[in-house]
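**Q** I'd like to ask you about the structure that follows.
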Amino acid sequence: MSFDSFGLHPDLMRAIAEVGYTTPTPIQAEAIPVVISGKDVMGAAQTGTGKTAAFTLPILQRLMPFANTSASPARHPVRALMLAPTRELADQIAQNVELYAKHVPLKSVVVFGGVDMAPQTAALRAGVEILIATPGRLLDHVQQKTVSLGAVSVLVLDEADRMLDMGFLPDLQRIVNLLPKTRQSLLFSATFSPEIRKLAKTFLHENPVVIEVAARNATAENVTQVVYRVERAEQKRAAVAHLIKSEGLRQVIVFTNTKIGAGRLARELQQAGIPADAIHGDKSQSERLATLEKFKKGEVEVMVATDVAARGLDIAELPAVINCDLPYSPEDYVHRIGRTGRAGASGRAMSLAAPEDEKLLVDIEKLVKKTISRESLPGDFRIERPSRSGSSHESSRDAGRDRGRSGRSRDSDRGGSAESPRFPMPRPAPVPSDPIFSQPYESKPVAASPSTGATVPVAKPAGPGLSGIRRAPRAVPALLGGKTKPETAA
């Protein structure tokens with residue numbers, strides 16, 4: 001089968017030839033005729049098999065009767081809406097749409113958060129037939145009344161399993177309520193859980209066409225998967241640098257579960273002499289796009305990313321991906337390793353697993369219905385155990401943990417000297433000495449006062465810093481009557 005058999009417009013065929021497509025992939029061969037016919041589709045295929053072209057080409061074919069070169073915005077209403085869960089995926093879809101529609105007079109624009117709304121507003125007011133958007137930013141434009149969705153005839157949910165997640169469901173429901181009831185709805189993704197399948201049917205018309213060209217949640221056959229064992233989770237960052245150097249990888253995506261972990265790993269790789277940068281949700285959209293562009297050009301050899309970059313990125317001939325952290329969701333593993341081995345090319349998916357990651361690994365194997373081989377790290381990978389001299393951060397942290405449990409360090413338990421803490425406690429400031437308080441107490445002899453006969457302490461010779469004058473107390477006159485109280489005999 002060839003693309004000629006679909007009856008596509010000559011201008012679309014011209015763009016396909018320029019891209020270099022000759023034979024449609026299985027998902028394209030089955031989905032394109034169904035979408036052209038106007039039926040709802042629920043498609044599942046392995047990552048990297050051309051799902052974007054599977055819905056973009058037939059949509060362009062259906063919109064060809066409305067193509068025109070008029071400058072009036074009224075002649076270019078939004079007729080196709082494509083929703084994506086992440087900014088990167090939305091931008092990737094927009095690039096593909098622009099590539100396939102380069103010879104047809106159909107306008108397209110992409111809107112997503114993290115950037116200024118003004119250029120997006122100007123493009124929307126000029127009129128577009130195809131709108132690619134993330135749900136949040138689309139609702140912002142709806143609230144600002146800069147876009148109208150009353151003429152939408154085709155709705156596409158790419159990566160529908162994430163789009164229909166509970167976090168996206170309220171926004172998605174608000175958007176769907178703004179669309180005409182008579183529309184075509186398309187759902188495409190690499191993974192579909194039974195729960196998501198039930199929920200997706202509420203957004204489709206009755207009896208949608210279900211297209212599955214591979215087993216559910218399957219991984220690409222041309223991607224070699226392996227798991228490397230590490231003794232402790234703290235060794236993973238050093239193991240990533242060892243893998244990149246020992247395998248001679250020049251372009252690789254490394255996935256972590258946290259944004260802090262991504263930034264820390266990127267810094268350690270840079271310190272090891274490996275050109276690396278991180279991409280995650282805490283970075284602005286311009287920074288993320290700039291990092292992605294540097295990675296595609298080869299200026300950055302290693303891109304450390306969270307799952308925000310796991311979906312939709314299409315990087316030509318990416319040789320390998322590394323899972324520094326196994327994902328908490330098994331479905332994310334399928335999307336991560338789908339960044340390599342795209343369009344029939346071979347790829348490698350390497351994962352690092354500590355003993356505490358065994359449950360995550362078992363869940364992944366249950367999902368993909370495949371046992372992933374466990375191996376030792378290639379080459380001579382060793383991490384010297386930290387000395388007890390207190391010079392390393394890890395040793396001080398371990399010692400602090402031991403003291404927290406037993407009140408003393410491991411070395412003190414073994415009869416050795418305890419290691420000094422990384423941050424020693426400051427010594428207390430010396431207390432100034434006062435001879436009065438430093439001298440021991442001594443009972444003092446008493447003598448009779450010459451004026452009153454009362455007994456008073458005998459003054460001792462003055463010590464250093466003390467006055468030697470000690471006066472006897474004077475007689476105190478009576479307050480009443482001016483007479484002193486007579487003394488009684490003892």
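Order determines the names: the first chain of the structure tokens is A, the second B, and so forth; residues in each chain are numbered 1 upward, and ligands are numbered 1 upward as they are shown.
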From a DSSP pass on the backbone, collect the residues of range 176-263 of chain A flagged as helix (DSSP H, G or I) and hand them back as an MDAnalysis selection string.

**A** chainID A and resid 176:177 194:203 233:247 259:263

**Q** Taking the DSSP assignment computed from this structure's backbone, write out as number ranges by chain all residues of range 211-360 of chain A that belong to strand (DSSP E).

**A** A: 211-212, 223-229, 252-255, 276-279, 302-305, 320-323, 347-353

**Q** From the list A:Thr340, A:Ser153, A:Asn323, A:Gln28, which residue is nearest Asp357 in chain A when using only C-alpha atoms?

**A**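 Of A:Thr340, A:Ser153, A:Asn323, A:Gln28, the one nearest Asp357 in chain A, counting only C-alpha atoms, is A:Asn323.
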
**Q** Kindly give the distance, in Å, that separates CA of Arg237 in chain A and CA of Leu289 in chain A, rounded to a single decimal.

**A**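 Between CA of Arg237 in chain A and CA of Leu289 in chain A the gap works out to 24.7 Å.
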
**Q** Work out how far apart CA of Leu83 in chain A and CA of Leu172 in chain A are and give it in Å to one decimal.

**A**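 Atom-to-atom, CA of Leu83 in chain A to CA of Leu172 in chain A, that is 9.1 Å.
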
**Q** Excluding range 257-261 of chain A and its own-chain neighbours fewer than 5 positions away, which residues fall within 9 Å of it when counting only C-alpha atoms? Please give them as a list of chain:residue names.

**A** A:Ala266, A:Ala278, A:Ile279, A:His280, A:Gly281, A:Asp282, A:Ala305, A:Thr306, A:Asp307, A:Cys324, A:Asp325, A:Leu326, A:Pro327, A:Tyr328

**Q** Suppose we keep N, CA and C atoms; can you now write the selection as a PDB file, in the first residue's frame?

**A**
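Saved the output as result24.pdb:
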```pdb
ATOM      1  N   ALA A 266      21.984  17.030  35.826  1.00  0.00           N
ATOM      2  CA  ALA A 266      22.580  17.820  34.738  1.00  0.00           C
ATOM      3  C   ALA A 266      23.853  18.527  35.213  1.00  0.00           C
ATOM      4  N   ALA A 278      19.077  20.458  31.498  1.00  0.00           N
ATOM      5  CA  ALA A 278      17.848  19.874  32.037  1.00  0.00           C
ATOM      6  C   ALA A 278      16.636  20.584  31.459  1.00  0.00           C
ATOM      7  N   ILE A 279      15.549  19.842  31.352  1.00  0.00           N
ATOM      8  CA  ILE A 279      14.271  20.386  30.895  1.00  0.00           C
ATOM      9  C   ILE A 279      13.192  19.835  31.812  1.00  0.00           C
ATOM     10  N   HIS A 280      12.478  20.753  32.490  1.00  0.00           N
ATOM     11  CA  HIS A 280      11.429  20.330  33.418  1.00  0.00           C
ATOM     12  C   HIS A 280      10.447  21.474  33.618  1.00  0.00           C
ATOM     13  N   GLY A 281       9.437  21.239  34.435  1.00  0.00           N
ATOM     14  CA  GLY A 281       8.336  22.190  34.572  1.00  0.00           C
ATOM     15  C   GLY A 281       8.690  23.496  35.240  1.00  0.00           C
ATOM     16  N   ASP A 282       9.775  23.566  36.006  1.00  0.00           N
ATOM     17  CA  ASP A 282      10.150  24.802  36.669  1.00  0.00           C
ATOM     18  C   ASP A 282      10.836  25.790  35.727  1.00  0.00           C
ATOM     19  N   ALA A 305      15.541  15.049  31.605  1.00  0.00           N
ATOM     20  CA  ALA A 305      14.155  15.498  31.533  1.00  0.00           C
ATOM     21  C   ALA A 305      13.285  14.732  32.516  1.00  0.00           C
ATOM     22  N   THR A 306      12.223  15.385  32.936  1.00  0.00           N
ATOM     23  CA  THR A 306      11.140  14.711  33.644  1.00  0.00           C
ATOM     24  C   THR A 306      10.138  14.226  32.601  1.00  0.00           C
ATOM     25  N   ASP A 307       9.042  13.659  33.054  1.00  0.00           N
ATOM     26  CA  ASP A 307       8.074  13.095  32.108  1.00  0.00           C
ATOM     27  C   ASP A 307       7.365  14.156  31.279  1.00  0.00           C
ATOM     28  N   CYS A 324      17.138   7.077  34.604  1.00  0.00           N
ATOM     29  CA  CYS A 324      17.871   7.160  35.863  1.00  0.00           C
ATOM     30  C   CYS A 324      16.967   6.743  37.013  1.00  0.00           C
ATOM     31  N   ASP A 325      15.702   7.141  36.951  1.00  0.00           N
ATOM     32  CA  ASP A 325      14.680   6.701  37.900  1.00  0.00           C
ATOM     33  C   ASP A 325      13.597   5.968  37.126  1.00  0.00           C
ATOM     34  N   LEU A 326      13.194   4.813  37.604  1.00  0.00           N
ATOM     35  CA  LEU A 326      12.061   4.132  36.989  1.00  0.00           C
ATOM     36  C   LEU A 326      10.794   4.925  37.274  1.00  0.00           C
ATOM     37  N   PRO A 327       9.909   5.083  36.300  1.00  0.00           N
ATOM     38  CA  PRO A 327       8.712   5.899  36.523  1.00  0.00           C
ATOM     39  C   PRO A 327       7.747   5.219  37.488  1.00  0.00           C
ATOM     40  N   TYR A 328       7.001   6.051  38.214  1.00  0.00           N
ATOM     41  CA  TYR A 328       6.007   5.508  39.133  1.00  0.00           C
ATOM     42  C   TYR A 328       4.818   4.911  38.378  1.00  0.00           C
TER      43      TYR A 328
END
```

**Q** Nearest to Gly167 in chain A among A:Glu287, A:Pro85, A:Asn96, A:Pro77, with distances taken over only C-alpha atoms: which residue is it?

**A** A:Pro85

**Q** Kindly give the distance, in Å, that separates CA of Pro33 in chain A and CA of Ile59 in chain A, rounded to a single decimal.

**A**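 Spanning CA of Pro33 in chain A to CA of Ile59 in chain A is a straight-line distance of 10.8 Å.
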
**Q** With a distance cut-off of 10 Å and only C-alpha atoms, select the neighbouring residues of Lys296 in chain A, excluding the residue or stretch itself and same-chain residues fewer than 4 positions from it, and output the selection as a compact mmCIF listing (two decimals) with C-alpha atoms, in the first residue's frame.

**A**
```
# COMPACT_ATOMS: atom_id res chain seq x y z
CA GLN A 251 22.83 12.02 21.97
CA ALA A 290 15.95 26.62 23.67
CA THR A 291 17.32 23.50 25.40
CA LEU A 292 15.38 21.24 23.06
CA VAL A 300 23.88 19.56 24.08
CA GLU A 301 24.64 15.83 24.06
CA MET A 303 19.11 16.19 27.88
CA ASP A 314 10.19 13.41 17.80
CA ILE A 315 13.99 13.56 17.59
CA ALA A 316 15.44 11.99 14.50
CA LEU A 318 17.88 9.24 18.82
```

**Q** Counting only C-alpha atoms, which residue out of A:Phe112, A:Phe188, A:Phe255, A:Phe3 sits closest to Leu139 in chain A?

**A**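 Among A:Phe112, A:Phe188, A:Phe255, A:Phe3, it is A:Phe112 that comes nearest to Leu139 in chain A.
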